[in-house]
file run-v2.cif (mmCIF, C-alpha atoms)
data_my_file
#
loop_
_atom_site.label_atom_id
_atom_site.label_comp_id
_atom_site.auth_asym_id
_atom_site.auth_seq_id
_atom_site.Cartn_x
_atom_site.Cartn_y
_atom_site.Cartn_z
CA MET A 165 10.77 1.82 57.26
CA SER A 166 14.04 1.55 55.35
CA GLY A 167 15.13 -2.01 54.65
CA GLU A 168 11.77 -3.51 55.64
CA THR A 169 10.68 -6.57 53.68
CA SER A 170 7.16 -7.84 53.15
CA ILE A 171 6.02 -11.27 54.33
CA PRO A 172 4.58 -13.47 51.57
CA PRO A 173 0.81 -14.01 51.79
CA SER A 174 1.36 -17.70 52.51
CA GLY A 175 3.25 -16.90 55.70
CA PRO A 176 6.66 -16.00 57.11
CA LEU A 177 7.97 -19.54 56.60
CA SER A 178 7.10 -19.61 52.91
CA GLY A 179 9.90 -21.40 51.03
CA LEU A 180 10.97 -23.51 54.03
CA ARG A 181 11.03 -27.23 53.17
CA ILE A 182 10.45 -29.67 56.03
CA LEU A 183 10.46 -33.45 55.86
CA GLU A 184 8.38 -34.97 58.66
CA MET A 185 8.77 -38.67 59.29
CA GLU A 186 5.41 -40.09 60.33
CA ALA A 187 5.14 -40.23 64.12
CA LEU A 188 2.80 -39.69 67.05
CA GLY A 189 2.94 -37.21 69.91
CA PRO A 190 4.83 -33.92 69.49
CA LEU A 191 5.76 -34.18 65.80
CA PRO A 192 2.27 -33.86 64.26
CA LEU A 193 1.56 -30.59 66.07
CA ALA A 194 5.02 -29.27 65.18
CA GLY A 195 4.43 -30.01 61.51
CA THR A 196 0.98 -28.44 61.53
CA LEU A 197 2.23 -25.25 63.18
CA LEU A 198 5.07 -24.99 60.66
CA ALA A 199 2.60 -25.50 57.81
CA GLY A 200 0.26 -22.93 59.34
CA PHE A 201 3.01 -20.33 59.05
CA GLY A 202 3.74 -21.18 55.43
CA ALA A 203 6.34 -23.97 55.48
CA ASP A 204 6.05 -26.74 52.90
CA VAL A 205 5.78 -29.76 55.19
CA VAL A 206 6.03 -33.18 53.55
CA ARG A 207 4.98 -36.09 55.74
CA ILE A 208 6.74 -39.33 54.89
CA THR A 209 4.59 -42.37 55.65
CA ARG A 210 5.89 -45.92 55.60
CA ALA A 211 4.66 -48.30 52.94
CA GLY A 212 2.64 -51.12 54.46
CA ALA A 213 2.40 -49.49 57.89
CA ALA A 214 -0.99 -49.31 59.58
CA ALA A 215 -2.61 -45.91 59.23
CA THR A 216 -2.49 -43.77 62.37
CA PRO A 217 -5.18 -41.09 61.89
CA ASP A 218 -4.46 -37.88 63.78
CA PRO A 219 -6.87 -34.93 63.44
CA VAL A 220 -3.99 -32.54 64.05
CA VAL A 221 -2.20 -33.65 60.85
CA ARG A 222 -3.32 -31.11 58.25
CA GLY A 223 -1.98 -28.87 55.53
CA ARG A 224 0.77 -31.23 54.40
CA ARG A 225 1.81 -33.06 51.34
CA VAL A 226 2.17 -36.78 51.97
CA MET A 227 4.48 -39.26 50.30
CA THR A 228 4.54 -42.99 51.04
CA LEU A 229 7.95 -44.65 50.80
CA ASP A 230 9.31 -48.11 51.53
CA LEU A 231 12.28 -47.01 53.58
CA LYS A 232 13.55 -50.57 53.94
CA SER A 233 14.13 -50.79 50.20
CA GLY A 234 17.00 -49.31 48.26
CA PRO A 235 14.78 -47.23 45.95
CA GLY A 236 12.75 -45.89 48.88
CA ARG A 237 15.86 -44.89 50.77
CA ALA A 238 17.29 -43.24 47.64
CA MET A 239 14.09 -41.25 47.13
CA LEU A 240 14.19 -39.92 50.67
CA LEU A 241 17.86 -38.94 50.33
CA ASP A 242 16.96 -37.18 47.09
CA LEU A 243 14.45 -35.11 49.04
CA VAL A 244 16.93 -34.58 51.87
CA ALA A 245 19.38 -33.09 49.39
CA HIS A 246 16.94 -30.24 48.74
CA ALA A 247 15.23 -29.89 52.13
CA ASP A 248 15.98 -27.46 54.94
CA ALA A 249 15.12 -29.80 57.79
CA LEU A 250 14.04 -33.31 58.66
CA MET A 251 12.07 -34.22 61.80
CA GLU A 252 11.88 -37.78 63.10
CA GLY A 253 10.51 -39.38 66.24
CA PHE A 254 11.72 -43.00 66.15
CA ARG A 255 13.59 -44.76 68.93
CA PRO A 256 17.30 -43.93 68.91
CA GLY A 257 19.14 -45.90 66.25
CA THR A 258 16.14 -46.66 64.04
CA MET A 259 17.02 -44.16 61.32
CA GLU A 260 20.65 -45.30 61.38
CA LYS A 261 19.55 -48.88 60.76
CA LEU A 262 17.63 -47.67 57.71
CA GLY A 263 20.72 -45.89 56.41
CA LEU A 264 19.00 -42.54 57.01
CA GLY A 265 20.73 -41.31 60.14
CA PRO A 266 22.32 -37.87 60.53
CA ALA A 267 25.59 -38.89 58.90
CA ASP A 268 23.78 -40.34 55.87
CA CYS A 269 21.60 -37.27 55.48
CA HIS A 270 24.40 -34.77 56.00
CA ALA A 271 26.39 -36.55 53.30
CA ALA A 272 23.51 -35.63 50.97
CA ASN A 273 22.98 -32.15 52.41
CA PRO A 274 25.56 -30.69 54.84
CA ALA A 275 23.24 -27.78 55.70
CA LEU A 276 20.33 -29.98 56.77
CA VAL A 277 18.85 -29.50 60.23
CA TYR A 278 18.15 -33.01 61.54
CA ALA A 279 15.69 -32.82 64.42
CA ARG A 280 15.17 -35.89 66.60
CA MET A 281 12.17 -36.03 68.96
CA THR A 282 12.01 -38.72 71.64
CA GLY A 283 10.74 -39.12 75.17
CA TRP A 284 14.00 -39.95 76.91
CA GLY A 285 16.62 -38.53 74.54
CA GLN A 286 19.22 -40.19 72.36
CA ASP A 287 21.30 -41.54 75.24
CA GLY A 288 21.07 -42.49 78.90
CA PRO A 289 19.78 -45.67 80.57
CA LEU A 290 16.16 -45.09 79.46
CA ALA A 291 16.89 -44.16 75.84
CA GLN A 292 15.57 -47.45 74.44
CA GLU A 293 12.63 -47.79 76.85
CA ALA A 294 9.05 -47.32 75.66
CA GLY A 295 7.02 -44.54 77.22
CA HIS A 296 4.33 -41.93 76.82
CA ASP A 297 3.73 -38.40 78.05
CA ILE A 298 2.79 -39.58 81.54
CA ASN A 299 6.10 -41.45 81.93
CA TYR A 300 8.27 -38.56 80.78
CA ILE A 301 6.64 -35.96 83.01
CA ALA A 302 6.82 -38.40 85.93
CA VAL A 303 10.60 -38.76 85.62
CA ALA A 304 11.03 -35.02 84.93
CA GLY A 305 9.49 -34.29 88.33
CA ALA A 306 6.44 -32.47 86.98
CA LEU A 307 3.79 -35.11 87.63
CA GLY A 308 4.72 -35.39 91.29
CA ARG A 309 4.03 -31.68 91.79
CA ILE A 310 0.44 -31.87 90.52
CA VAL A 311 -2.03 -32.92 93.20
CA GLY A 312 -5.09 -34.86 92.08
CA GLU A 313 -7.97 -36.61 93.80
CA GLY A 314 -7.08 -38.32 97.04
CA GLY A 315 -3.56 -36.92 97.00
CA ARG A 316 -2.52 -38.94 93.94
CA PRO A 317 -0.69 -37.07 91.17
CA GLY A 318 -3.12 -35.37 88.82
CA LEU A 319 -2.96 -35.86 85.05
CA PRO A 320 -2.63 -32.69 82.93
CA ILE A 321 -3.69 -34.64 79.79
CA ASN A 322 -0.80 -34.61 77.31
CA LEU A 323 -0.17 -30.88 77.36
CA VAL A 324 2.96 -30.95 79.52
CA GLY A 325 5.09 -33.72 78.02
CA ASP A 326 3.99 -34.11 74.42
CA TYR A 327 3.35 -30.47 73.61
CA GLY A 328 4.89 -28.20 76.25
CA GLY A 329 7.98 -30.35 76.78
CA GLY A 330 8.12 -31.82 73.29
CA THR A 331 6.65 -29.77 70.45
CA MET A 332 7.74 -26.37 71.73
CA PRO A 333 11.43 -27.16 72.43
CA LEU A 334 11.53 -29.03 69.13
CA LEU A 335 10.28 -25.98 67.23
CA PHE A 336 12.60 -23.62 69.10
CA GLY A 337 15.56 -25.89 68.40
CA LEU A 338 14.56 -26.20 64.76
CA MET A 339 14.33 -22.44 64.24
CA THR A 340 17.60 -21.85 66.12
CA ALA A 341 19.45 -24.43 64.03
CA LEU A 342 17.97 -23.08 60.79
CA TRP A 343 19.22 -19.61 61.71
CA GLN A 344 22.67 -21.08 62.34
CA ALA A 345 22.61 -23.01 59.05
CA ARG A 346 21.61 -19.86 57.19
CA ALA A 347 24.64 -18.04 58.58
CA THR A 348 27.21 -20.84 58.36
CA GLY A 349 25.98 -23.33 55.77
CA ARG A 350 26.41 -26.06 58.37
CA GLY A 351 23.58 -28.30 59.48
CA GLU A 352 22.87 -29.54 62.98
CA VAL A 353 21.51 -32.53 64.85
CA ILE A 354 18.88 -31.67 67.46
CA ASP A 355 18.27 -34.06 70.35
CA ALA A 356 14.86 -32.98 71.67
CA ALA A 357 13.64 -35.08 74.61
CA MET A 358 10.32 -34.64 76.37
CA VAL A 359 11.92 -35.40 79.72
CA ASP A 360 14.37 -32.52 79.15
CA GLY A 361 11.76 -30.12 77.82
CA THR A 362 9.45 -30.82 80.75
CA ALA A 363 12.28 -30.20 83.22
CA THR A 364 12.92 -26.87 81.49
CA LEU A 365 9.28 -25.92 82.03
CA MET A 366 9.87 -26.67 85.72
CA ALA A 367 12.74 -24.15 85.98
CA LYS A 368 11.09 -22.01 88.66
CA GLN A 369 9.96 -25.03 90.66
CA TYR A 370 13.47 -26.50 90.65
CA ALA A 371 14.97 -23.12 91.59
CA TRP A 372 12.61 -22.72 94.53
CA HIS A 373 13.27 -26.32 95.56
CA GLY A 374 17.03 -25.78 95.56
CA GLN A 375 16.64 -22.61 97.62
CA GLY A 376 14.43 -24.37 100.16
CA HIS A 377 11.35 -22.32 99.28
CA LEU A 378 9.15 -25.09 97.88
CA GLY A 379 6.83 -27.01 100.19
CA ALA A 380 5.01 -30.27 99.61
CA PRO A 381 2.78 -30.48 96.51
CA GLY A 382 -0.49 -28.64 97.03
CA THR A 383 0.86 -26.29 99.71
CA ASN A 384 2.48 -23.58 97.59
CA LEU A 385 1.40 -20.40 95.83
CA LEU A 386 0.83 -21.81 92.34
CA ASP A 387 -0.13 -25.45 92.94
CA GLY A 388 -3.43 -25.09 94.78
CA GLY A 389 -2.03 -24.32 98.20
CA ALA A 390 -3.06 -20.67 98.20
CA PHE A 391 -6.80 -20.12 98.67
CA PHE A 392 -6.65 -17.06 96.38
CA TYR A 393 -5.12 -19.09 93.52
CA ASP A 394 -7.39 -22.08 93.08
CA THR A 395 -10.66 -23.35 91.63
CA TYR A 396 -14.00 -23.43 93.43
CA SER A 397 -17.34 -25.18 92.98
CA CYS A 398 -20.39 -22.99 92.52
CA ALA A 399 -24.06 -23.49 93.32
CA ASP A 400 -24.79 -25.00 89.90
CA GLY A 401 -21.97 -27.55 90.09
CA ARG A 402 -19.76 -25.61 87.71
CA HIS A 403 -16.51 -23.96 88.66
CA VAL A 404 -14.57 -20.71 88.69
CA ALA A 405 -10.82 -20.14 88.71
CA VAL A 406 -9.31 -17.36 90.81
CA GLY A 407 -5.77 -16.02 90.58
CA ALA A 408 -5.84 -12.89 92.73
CA ILE A 409 -2.20 -12.81 93.85
CA GLU A 410 -1.40 -9.09 93.85
CA PRO A 411 -2.91 -6.97 96.68
CA LYS A 412 -5.12 -4.83 94.43
CA PHE A 413 -6.52 -7.88 92.62
CA TYR A 414 -7.06 -9.68 95.93
CA ALA A 415 -8.91 -6.63 97.26
CA ALA A 416 -11.10 -6.59 94.14
CA LEU A 417 -11.90 -10.29 94.56
CA LEU A 418 -12.95 -9.74 98.17
CA GLU A 419 -15.30 -6.98 97.00
CA VAL A 420 -16.87 -9.37 94.48
CA LEU A 421 -17.32 -11.95 97.24
CA ASP A 422 -18.63 -9.28 99.63
CA LEU A 423 -15.99 -10.21 102.17
CA ALA A 424 -13.97 -7.82 104.32
CA PRO A 425 -10.24 -8.44 104.91
CA ALA A 426 -11.06 -8.86 108.58
CA ASP A 427 -13.27 -11.83 107.68
CA LEU A 428 -10.25 -13.75 106.39
CA PRO A 429 -6.80 -14.70 107.59
CA PRO A 430 -3.89 -12.60 106.31
CA GLN A 431 -3.45 -13.32 102.60
CA HIS A 432 0.10 -14.66 102.85
CA ASP A 433 -0.12 -16.50 106.17
CA LYS A 434 0.44 -19.99 104.73
CA ALA A 435 -0.46 -21.71 107.98
CA ARG A 436 -3.98 -20.28 107.68
CA TRP A 437 -4.53 -20.85 103.96
CA PRO A 438 -6.84 -23.83 104.67
CA GLU A 439 -9.03 -21.53 106.73
CA GLY A 440 -9.21 -19.02 103.88
CA ARG A 441 -10.08 -21.80 101.46
CA ARG A 442 -13.00 -22.95 103.58
CA LEU A 443 -14.40 -19.40 103.69
CA PHE A 444 -13.98 -18.94 99.94
CA ALA A 445 -15.54 -22.33 99.21
CA ALA A 446 -18.57 -21.55 101.32
CA ARG A 447 -19.06 -18.17 99.64
CA PHE A 448 -18.63 -19.44 96.06
CA ALA A 449 -21.18 -22.19 96.77
CA THR A 450 -23.90 -19.55 97.24
CA ARG A 451 -24.14 -18.48 93.57
CA ALA A 452 -24.01 -20.07 90.13
CA ARG A 453 -20.80 -19.82 88.14
CA ASP A 454 -22.03 -17.27 85.65
CA GLU A 455 -23.43 -15.07 88.42
CA TRP A 456 -19.93 -14.80 89.86
CA VAL A 457 -18.51 -14.08 86.43
CA THR A 458 -21.03 -11.27 85.92
CA LEU A 459 -20.27 -9.79 89.33
CA ALA A 460 -16.51 -9.84 88.62
CA GLU A 461 -16.72 -8.41 85.11
CA GLY A 462 -14.59 -5.30 84.64
CA ARG A 463 -13.30 -5.32 88.23
CA ASP A 464 -9.82 -6.88 87.82
CA ALA A 465 -10.68 -9.59 90.32
CA CYS A 466 -8.84 -12.30 88.35
CA LEU A 467 -11.92 -14.53 88.35
CA SER A 468 -12.74 -16.63 85.30
CA PRO A 469 -15.22 -19.37 84.46
CA VAL A 470 -13.86 -22.88 84.02
CA LEU A 471 -15.26 -23.62 80.57
CA THR A 472 -16.05 -26.78 78.66
CA LEU A 473 -14.62 -27.05 75.16
CA ASP A 474 -17.93 -25.98 73.61
CA GLU A 475 -18.13 -23.00 75.95
CA ALA A 476 -14.54 -22.02 75.16
CA ILE A 477 -15.29 -22.05 71.42
CA ASP A 478 -18.32 -19.80 71.92
CA HIS A 479 -16.80 -17.47 74.53
CA PRO A 480 -16.92 -13.78 73.50
CA GLN A 481 -13.11 -13.48 73.73
CA ALA A 482 -12.64 -16.40 71.34
CA GLN A 483 -15.35 -15.09 69.04
CA ALA A 484 -13.86 -11.60 68.94
CA ARG A 485 -10.45 -12.99 68.00
CA ALA A 486 -11.85 -15.64 65.64
CA SER A 487 -9.83 -18.14 67.66
CA PHE A 488 -11.40 -21.30 66.23
CA ALA A 489 -12.47 -22.62 62.85
CA ARG A 490 -14.28 -25.79 61.92
CA ALA A 491 -12.94 -28.03 59.17
CA ALA A 492 -15.08 -29.90 56.67
CA ASP A 493 -14.60 -33.12 58.66
CA GLY A 494 -15.97 -31.50 61.81
CA ALA A 495 -12.65 -30.96 63.57
CA VAL A 496 -12.38 -27.71 65.52
CA LEU A 497 -9.08 -25.99 64.80
CA PRO A 498 -7.53 -23.25 66.94
CA LEU A 499 -5.81 -20.27 65.39
CA ALA A 500 -2.08 -20.76 64.91
CA ALA A 501 -0.19 -18.96 67.66
CA PRO A 502 1.41 -16.52 67.98
CA ARG A 503 -0.29 -14.10 65.62
CA PHE A 504 1.53 -12.00 63.06
CA GLY A 505 0.07 -8.60 62.21
CA SER A 506 0.69 -9.28 58.52
CA MET A 507 -1.18 -12.60 58.56
CA ALA A 508 -4.86 -11.76 58.88
CA GLY A 509 -6.95 -14.84 59.59
CA GLN A 510 -4.00 -17.17 60.06
CA ARG A 511 -4.93 -20.49 61.60
CA MET A 512 -3.86 -24.07 61.81
CA GLN A 513 -4.31 -25.57 58.37
CA ALA A 514 -7.95 -26.56 57.88
CA GLU A 515 -7.25 -28.41 54.67
CA GLY A 516 -6.62 -32.11 54.48
CA ASN A 517 -3.39 -33.64 53.24
CA THR A 518 -2.40 -34.05 49.60
CA GLU A 519 -0.69 -37.12 48.23
CA THR A 520 2.40 -36.30 46.17
CA ASP A 521 5.35 -37.95 44.46
CA LEU A 522 9.07 -37.34 44.18
CA ALA A 523 9.06 -35.71 40.75
CA THR A 524 6.27 -33.29 41.64
CA LEU A 525 7.91 -32.30 44.89
CA LEU A 526 11.33 -31.67 43.41
CA ASP A 527 9.88 -29.76 40.48
CA ASP A 528 7.93 -27.53 42.88
CA TRP A 529 10.93 -26.99 45.08
CA ALA A 530 13.14 -26.18 42.10
CA ALA A 531 10.63 -23.65 40.81
CA GLY A 532 10.40 -22.00 44.20
CA ARG A 533 14.12 -21.83 44.69
CA ALA A 534 15.41 -21.12 41.19
CA ASP A 535 17.50 -18.24 42.47
CA GLN A 536 19.61 -20.72 44.47
CA ASP A 537 20.72 -22.40 41.22
CA TRP A 538 20.50 -26.06 42.14
CA GLU A 539 19.36 -28.88 39.92
CA ARG A 540 17.40 -31.99 40.70
CA THR A 541 19.51 -35.12 40.83
#

call {"tool": "encode", "arguments": {"input": "run-v2.cif", "output": "C-alpha cells"}}
result
Amino acid sequence: MSGETSIPPSGPLSGLRILEMEALGPLPLAGTLLAGFGADVVRITRAGAAATPDPVVRGRRVMTLDLKSGPGRAMLLDLVAHADALMEGFRPGTMEKLGLGPADCHAANPALVYARMTGWGQDGPLAQEAGHDINYIAVAGALGRIVGEGGRPGLPINLVGDYGGGTMPLLFGLMTALWQARATGRGEVIDAAMVDGTATLMAKQYAWHGQGHLGAPGTNLLDGGAFFYDTYSCADGRHVAVGAIEPKFYAALLEVLDLAPADLPPQHDKARWPEGRRLFAARFATRARDEWVTLAEGRDACLSPVLTLDEAIDHPQAQARASFARAADGAVLPLAAPRFGSMAGQRMQAEGNTETDLATLLDDWAAGRADQDWERT
C-alpha cells in the first residue's frame, strides 16, 4: 500500500523514552505494557528506599537516584530534557517539593508529557488521603454494585481500580498527549485518578441509574440478577459461567440443559428470575463441570468453565494463541494485549531489569535519535 511504513522489530513504540518513577499499583503494569510494545522504559528508584519487589516490573532499565540531593535532581532533569514522558504516582505535591513538578520538568523539556497517577486525583477533599484499590472503587460507586457473600459488597481483586480504572486511563491519556505533543511541540500534564477511571468504567450503570432502569445490586441483567447470566455450582464442586442473553443463545443453552421453554418462567420476567435460577441450579448440580462444557461445545450456548489459574494457562484457547510464557524466575506472563499482526510472539517482557547510569542512557538515546539533532547537556 502506498505510504505504508514498517514497524520496527522491537515494536511500534520503539524510540519512545519513558521515565517511570518507582511506584505501586497501576504504574508498574503501565510501564511493562509500554516496554512490551517497544518503548524504552527507565524506572527511577529512590536511593535508600526499601525495595518493593513486583513481579510485573520487567523489561526496564533501572536507575537509582537520590532525588533529595542537588546532583540527583539534576540527573533526573537531564533525563527529562531528552524524554518523551514521565509517569509518577506520588501523593499530590510530592514531586513539587522535590523540585521535580510539572513546571520544573517543562522548563527542561516543554514537549514532555507529565503523567500523574493517584487514587483520588490532584485536587478535591480526599486528594491527600491514603487509600488502595478497594477505597477508590468504593467511592466511585463500583464496589456497591458487586454483590458478595451474605449481601456484602464483593471484592473484584484489584482489577477494577488499579488496572481498569488506573492503568488503562493512564495509558490512553499518555498516548493521547504524546500525539498532541507530536503535532504541537507542547507537553501536557495528565491527572489520572483511579476514582475517575473507575467511574468511567461504570458509564452504562450510571446511565441506567439516571434513567431509572437500574434496580438494587444483584437484581439486574449483568450483576447476577438474571438466571441466564450467572455462575452455577456443578456436581463436582466446580463452576460454570453462563451468559445466554440473546434468544438464540438462550435457546441453545436450554437444549444443553435438556429443558423446554415451558419448564421455565419467561426469560425476561424479572419477578420470576429467582424461580429460573432455582431450576438452573438444580439442573447444573446433576453433572460435573467438564461434562457440561463438553455438552455445550460448538452449540453457541454461551457456557464456559470457571477456571483456576493453572487451568487457564493450559486451556486449549490459551495454548493455541500462546497466551502465556514462563520467565526464568517462575513468573507466568500473559501476552501483551492487544496483538499487532506485525509483532509475532509479542508478550509482556520476560526479561528482568537492567541497572543503568546517566551517561549510558543519554548516549543510547542520542544514538537512537541522531536525526533530531540534539546534544547531551

call {"tool": "residues_around", "arguments": {"input": "run-v2.cif", "residues": "Glu186 (chain A)", "least_positions_apart": "2", "cutoff": "12 Å", "atoms": "only C-alpha atoms", "output": "CSV table (one decimal) with C-alpha atoms, keeping the file's coordinate frame"}}
result
chain,number,residue,atom,x,y,z
A,183,LEU,CA,10.5,-33.4,55.9
A,184,GLU,CA,8.4,-35.0,58.7
A,188,LEU,CA,2.8,-39.7,67.0
A,189,GLY,CA,2.9,-37.2,69.9
A,190,PRO,CA,4.8,-33.9,69.5
A,191,LEU,CA,5.8,-34.2,65.8
A,192,PRO,CA,2.3,-33.9,64.3
A,193,LEU,CA,1.6,-30.6,66.1
A,194,ALA,CA,5.0,-29.3,65.2
A,195,GLY,CA,4.4,-30.0,61.5
A,205,VAL,CA,5.8,-29.8,55.2
A,206,VAL,CA,6.0,-33.2,53.6
A,207,ARG,CA,5.0,-36.1,55.7
A,208,ILE,CA,6.7,-39.3,54.9
A,209,THR,CA,4.6,-42.4,55.6
A,210,ARG,CA,5.9,-45.9,55.6
A,211,ALA,CA,4.7,-48.3,52.9
A,213,ALA,CA,2.4,-49.5,57.9
A,214,ALA,CA,-1.0,-49.3,59.6
A,215,ALA,CA,-2.6,-45.9,59.2
A,216,THR,CA,-2.5,-43.8,62.4
A,217,PRO,CA,-5.2,-41.1,61.9
A,218,ASP,CA,-4.5,-37.9,63.8
A,221,VAL,CA,-2.2,-33.6,60.8
A,224,ARG,CA,0.8,-31.2,54.4
A,225,ARG,CA,1.8,-33.1,51.3
A,226,VAL,CA,2.2,-36.8,52.0
A,227,MET,CA,4.5,-39.3,50.3
A,228,THR,CA,4.5,-43.0,51.0
A,229,LEU,CA,8.0,-44.6,50.8
A,231,LEU,CA,12.3,-47.0,53.6
A,250,LEU,CA,14.0,-33.3,58.7
A,251,MET,CA,12.1,-34.2,61.8
A,252,GLU,CA,11.9,-37.8,63.1
A,253,GLY,CA,10.5,-39.4,66.2
A,254,PHE,CA,11.7,-43.0,66.2
A,281,MET,CA,12.2,-36.0,69.0

call {"tool": "atom_distance", "arguments": {"input": "run-v2.cif", "atom1": "CA of Gly202 (chain A)", "atom2": "CA of Met185 (chain A)"}}
result
18.6 Å

call {"tool": "resolve_selection", "arguments": {"input": "run-v2.cif", "expression": "the PyMOL selection byres ((chain A and resi 296-298) around 7)", "output": "list in words"}}
result
Gly295, Asn299, Tyr300, Ile301, Ala302, Asn322, Gly325 and Asp326 of chain A

call {"tool": "write_last_selection", "arguments": {"input": "run-v2.cif", "atoms": "C-alpha atoms", "output": "mmCIF file, in the frame of the given file"}}
result
data_model
loop_
_atom_site.group_PDB
_atom_site.id
_atom_site.type_symbol
_atom_site.label_atom_id
_atom_site.label_comp_id
_atom_site.auth_asym_id
_atom_site.auth_seq_id
_atom_site.Cartn_x
_atom_site.Cartn_y
_atom_site.Cartn_z
ATOM 1 C CA GLY A 295 7.020 -44.540 77.220
ATOM 2 C CA ASN A 299 6.100 -41.450 81.930
ATOM 3 C CA TYR A 300 8.270 -38.560 80.780
ATOM 4 C CA ILE A 301 6.640 -35.960 83.010
ATOM 5 C CA ALA A 302 6.820 -38.400 85.930
ATOM 6 C CA ASN A 322 -0.800 -34.610 77.310
ATOM 7 C CA GLY A 325 5.090 -33.720 78.020
ATOM 8 C CA ASP A 326 3.990 -34.110 74.420
#

call {"tool": "closest_residue", "arguments": {"input": "run-v2.cif", "among": "A:Thr450, A:Thr364, A:Ser468, A:Thr524", "to": "His403 (chain A)", "atoms": "all atoms listed in the file"}}
result
A:Ser468

call {"tool": "closest_residue", "arguments": {"input": "run-v2.cif", "among": "A:Asp242, A:Asp454, A:Asp433, A:Asp422", "to": "Val404 (chain A)", "atoms": "all atoms listed in the file"}}
result
A:Asp454

call {"tool": "closest_residue", "arguments": {"input": "run-v2.cif", "among": "A:Arg442, A:Arg447, A:Arg255, A:Lys434", "to": "Thr383 (chain A)", "atoms": "all atoms listed in the file"}}
result
A:Lys434

call {"tool": "closest_atom_pairs", "arguments": {"input": "run-v2.cif", "of": "region 176-199 of chain A", "to": "region 497-501 of chain A", "cutoff": "10 Å", "atoms": "only C-alpha atoms", "output": "JSON lines"}}
result
{"residue": "A:Thr196", "atom": "CA", "partner": "A:Ala500", "partner_atom": "CA", "distance": 8.9}
{"residue": "A:Leu197", "atom": "CA", "partner": "A:Ala500", "partner_atom": "CA", "distance": 6.5}
{"residue": "A:Leu198", "atom": "CA", "partner": "A:Ala500", "partner_atom": "CA", "distance": 9.3}
{"residue": "A:Ala199", "atom": "CA", "partner": "A:Ala500", "partner_atom": "CA", "distance": 9.7}

call {"tool": "closest_residue", "arguments": {"input": "run-v2.cif", "among": "A:Ala484, A:Phe392, A:Phe504, A:Trp529", "to": "Ala203 (chain A)", "atoms": "only C-alpha atoms"}}
result
A:Trp529

call {"tool": "resolve_selection", "arguments": {"input": "run-v2.cif", "expression": "the PyMOL selection byres ((chain A and resi 467) around 12)", "output": "ChimeraX atom specification"}}
result
/A:392-396,403-409,413-414,416-421,448,453-466,468-470

call {"tool": "closest_residue", "arguments": {"input": "run-v2.cif", "among": "A:Leu473, A:Ile182, A:Ala523, A:Leu262", "to": "Gly236 (chain A)", "atoms": "all atoms listed in the file"}}
result
A:Leu262

call {"tool": "residues_around", "arguments": {"input": "run-v2.cif", "residues": "His270 (chain A)", "least_positions_apart": "4", "cutoff": "10 Å", "atoms": "all atoms listed in the file", "output": "number ranges by chain"}}
result
A: 241, 244-245, 264-266, 274-278, 350-353

call {"tool": "atom_distance", "arguments": {"input": "run-v2.cif", "atom1": "CA of Asn384 (chain A)", "atom2": "CA of Arg309 (chain A)"}}
result
10.1 Å

call {"tool": "atom_distance", "arguments": {"input": "run-v2.cif", "atom1": "CA of Phe444 (chain A)", "atom2": "CA of Asp478 (chain A)"}}
result
28.4 Å

call {"tool": "closest_residue", "arguments": {"input": "run-v2.cif", "among": "A:Val324, A:Ala267, A:Leu378, A:Ala272", "to": "Ala238 (chain A)", "atoms": "only C-alpha atoms"}}
result
A:Ala272

call {"tool": "resolve_selection", "arguments": {"input": "run-v2.cif", "expression": "the PyMOL selection byres ((chain A and resi 438) around 10)", "output": "PyMOL selection string"}}
result
chain A and resi 383+389-391+429+434-437+439-444

call {"tool": "axis_aligned_box", "arguments": {"input": "run-v2.cif", "around": "region 445-459 of chain A", "padding_each_side": "6 Å", "output": "AutoDock Vina command-line options"}}
result
--center_x -19.8 --center_y -16.1 --center_z 93.5 --size_x 20.6 --size_y 24.5 --size_z 27.7

call {"tool": "residues_around", "arguments": {"input": "run-v2.cif", "residues": "region 368-372 of chain A", "least_positions_apart": "4", "cutoff": "12 Å", "atoms": "all atoms listed in the file", "output": "CSV table (one decimal) with C-alpha atoms, in the frame of the given file"}}
result
chain,number,residue,atom,x,y,z
A,304,ALA,CA,11.0,-35.0,84.9
A,305,GLY,CA,9.5,-34.3,88.3
A,306,ALA,CA,6.4,-32.5,87.0
A,308,GLY,CA,4.7,-35.4,91.3
A,309,ARG,CA,4.0,-31.7,91.8
A,310,ILE,CA,0.4,-31.9,90.5
A,362,THR,CA,9.4,-30.8,80.8
A,363,ALA,CA,12.3,-30.2,83.2
A,364,THR,CA,12.9,-26.9,81.5
A,376,GLY,CA,14.4,-24.4,100.2
A,377,HIS,CA,11.4,-22.3,99.3
A,378,LEU,CA,9.2,-25.1,97.9
A,379,GLY,CA,6.8,-27.0,100.2
A,380,ALA,CA,5.0,-30.3,99.6
A,381,PRO,CA,2.8,-30.5,96.5
A,384,ASN,CA,2.5,-23.6,97.6
A,385,LEU,CA,1.4,-20.4,95.8
A,386,LEU,CA,0.8,-21.8,92.3
A,387,ASP,CA,-0.1,-25.4,92.9
